[in-house]
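Asker: Supplied in structure tokens, the structure appears directly below.
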Amino acid sequence: MTDLRDIKKDIEYVIGAFIDDCSLFSALNQKADDEALGGLFDEAVKLYNDLRDKVNAKVEGKKSAYYAGIRKELLEKTDAMYQKLSELIKATAK
């Protein structure tokens with residue numbers, strides 16, 4: 001069962017860190033596009049909810065492979081959100 005607990009902690013930590021980074025950027029930069037940041041917040045919350053639903057679903061078969069897939073999805077989608085945040089930061093710096 002530690003695998004289930006670990007994946008839940010990973011989801012909390014990774015998405016929480018992303019939201020913290022968005023909040024920090026917004027707080028430090030008055031020129032930040034609040035609408036675009038709001039979209040990133042919404043995307044992060046939706047990802048969090050989707051992944052938590054997947055983690056809490058009843059799994060048949062190899063649980064470790066299922067959780068590995070969720071971890072991969074978490075990292076890929078969070079990376080894509082960080083790319084969007086990076087573009088916002090670059091646009092604001094101009």
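Each chain in the structure tokens gets a letter, A, B and so on, in the order shown; residues start at 1 in every chain, and ligands are counted from 1 in the order they appear.
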Using DSSP on the backbone, list every residue of segment 7-67 of chain A that comes out as alpha helix (DSSP H), and give them as a ChimeraX atom specification.
Answerer: /A:7-28,34-56,63-67
Asker: Next, write the just-selected residues to a file, as a PDB file, in the first residue's frame, keeping C-alpha atoms as the atom set.
Answerer:
```pdb
ATOM      1  CA  ILE A   7       1.717   8.478  -5.566  1.00  0.00           C
ATOM      2  CA  LYS A   8      -0.825  10.577  -3.653  1.00  0.00           C
ATOM      3  CA  LYS A   9       2.039  12.487  -2.006  1.00  0.00           C
ATOM      4  CA  ASP A  10       3.740  12.948  -5.385  1.00  0.00           C
ATOM      5  CA  ILE A  11       0.575  14.409  -6.894  1.00  0.00           C
ATOM      6  CA  GLU A  12       0.166  16.805  -3.939  1.00  0.00           C
ATOM      7  CA  TYR A  13       3.788  17.882  -4.017  1.00  0.00           C
ATOM      8  CA  VAL A  14       4.301  18.341  -7.772  1.00  0.00           C
ATOM      9  CA  ILE A  15       1.059  20.168  -8.474  1.00  0.00           C
ATOM     10  CA  GLY A  16       1.349  22.159  -5.241  1.00  0.00           C
ATOM     11  CA  ALA A  17       4.840  23.302  -6.251  1.00  0.00           C
ATOM     12  CA  PHE A  18       3.522  24.390  -9.650  1.00  0.00           C
ATOM     13  CA  ILE A  19       0.714  26.414  -8.066  1.00  0.00           C
ATOM     14  CA  ASP A  20       3.228  27.983  -5.669  1.00  0.00           C
ATOM     15  CA  ASP A  21       5.429  28.980  -8.603  1.00  0.00           C
ATOM     16  CA  CYS A  22       2.465  30.574 -10.395  1.00  0.00           C
ATOM     17  CA  SER A  23       1.493  32.454  -7.237  1.00  0.00           C
ATOM     18  CA  LEU A  24       5.035  33.683  -6.701  1.00  0.00           C
ATOM     19  CA  PHE A  25       5.274  34.940 -10.288  1.00  0.00           C
ATOM     20  CA  SER A  26       1.954  36.732  -9.930  1.00  0.00           C
ATOM     21  CA  ALA A  27       2.934  38.315  -6.610  1.00  0.00           C
ATOM     22  CA  LEU A  28       6.312  39.528  -7.869  1.00  0.00           C
ATOM     23  CA  ASP A  34      -3.882  37.338 -14.603  1.00  0.00           C
ATOM     24  CA  GLU A  35      -6.289  35.724 -17.065  1.00  0.00           C
ATOM     25  CA  ALA A  36      -3.600  33.400 -18.434  1.00  0.00           C
ATOM     26  CA  LEU A  37      -2.395  32.603 -14.913  1.00  0.00           C
ATOM     27  CA  GLY A  38      -5.970  31.839 -13.908  1.00  0.00           C
ATOM     28  CA  GLY A  39      -6.140  29.391 -16.795  1.00  0.00           C
ATOM     29  CA  LEU A  40      -2.976  27.690 -15.556  1.00  0.00           C
ATOM     30  CA  PHE A  41      -4.407  27.479 -12.037  1.00  0.00           C
ATOM     31  CA  ASP A  42      -7.581  25.901 -13.435  1.00  0.00           C
ATOM     32  CA  GLU A  43      -5.532  23.462 -15.498  1.00  0.00           C
ATOM     33  CA  ALA A  44      -3.492  22.476 -12.430  1.00  0.00           C
ATOM     34  CA  VAL A  45      -6.599  21.932 -10.294  1.00  0.00           C
ATOM     35  CA  LYS A  46      -8.225  19.871 -13.046  1.00  0.00           C
ATOM     36  CA  LEU A  47      -5.076  17.739 -13.383  1.00  0.00           C
ATOM     37  CA  TYR A  48      -4.980  17.257  -9.614  1.00  0.00           C
ATOM     38  CA  ASN A  49      -8.622  16.148  -9.524  1.00  0.00           C
ATOM     39  CA  ASP A  50      -8.234  13.849 -12.552  1.00  0.00           C
ATOM     40  CA  LEU A  51      -5.134  12.154 -11.157  1.00  0.00           C
ATOM     41  CA  ARG A  52      -6.638  11.744  -7.690  1.00  0.00           C
ATOM     42  CA  ASP A  53      -9.712  10.143  -9.289  1.00  0.00           C
ATOM     43  CA  LYS A  54      -7.450   7.733 -11.195  1.00  0.00           C
ATOM     44  CA  VAL A  55      -5.473   6.894  -8.053  1.00  0.00           C
ATOM     45  CA  ASN A  56      -8.654   6.227  -6.074  1.00  0.00           C
ATOM     46  CA  LYS A  63      -1.009  -1.889  -9.520  1.00  0.00           C
ATOM     47  CA  SER A  64       2.631  -0.839  -9.789  1.00  0.00           C
ATOM     48  CA  ALA A  65       2.372  -0.497 -13.582  1.00  0.00           C
ATOM     49  CA  TYR A  66      -0.880   1.456 -13.212  1.00  0.00           C
ATOM     50  CA  TYR A  67       0.695   3.858 -10.700  1.00  0.00           C
TER      51      TYR A  67
END
```
Asker: With distances taken over only C-alpha atoms, which residue among A:Asn29, A:Lys94, A:Leu4, A:Glu73 lies nearest Lys58 of chain A?
Answerer: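 Using only C-alpha atoms, the shortest distance to Lys58 of chain A belongs to A:Leu4.
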Asker: Please, what distance in Å, to one decimal, runs between atom CA of Ala32 of chain A and atom CA of Met81 of chain A?
Answerer: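 Computing it gives 16.0 Å between the two atoms.
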Asker: Would you work out the distance separating atom CA of Leu74 of chain A from atom CA of Asp3 of chain A, expressed in Å to one decimal?
Answerer: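 For atom CA of Leu74 of chain A relative to atom CA of Asp3 of chain A, the distance reads 15.1 Å.
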Asker: Would you mind telling me which residue in A:Leu75, A:Ala80, A:Ala68, A:Ala93 lies nearest to Asp6 of chain A when using only C-alpha atoms?
Answerer: A:Ala68
Asker: If I take atom CA of Lys72 of chain A and atom CA of Val59 of chain A, how far is one from the other in Å, to one decimal?
Answerer: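 Atom CA of Lys72 of chain A sits 17.0 Å away from atom CA of Val59 of chain A.
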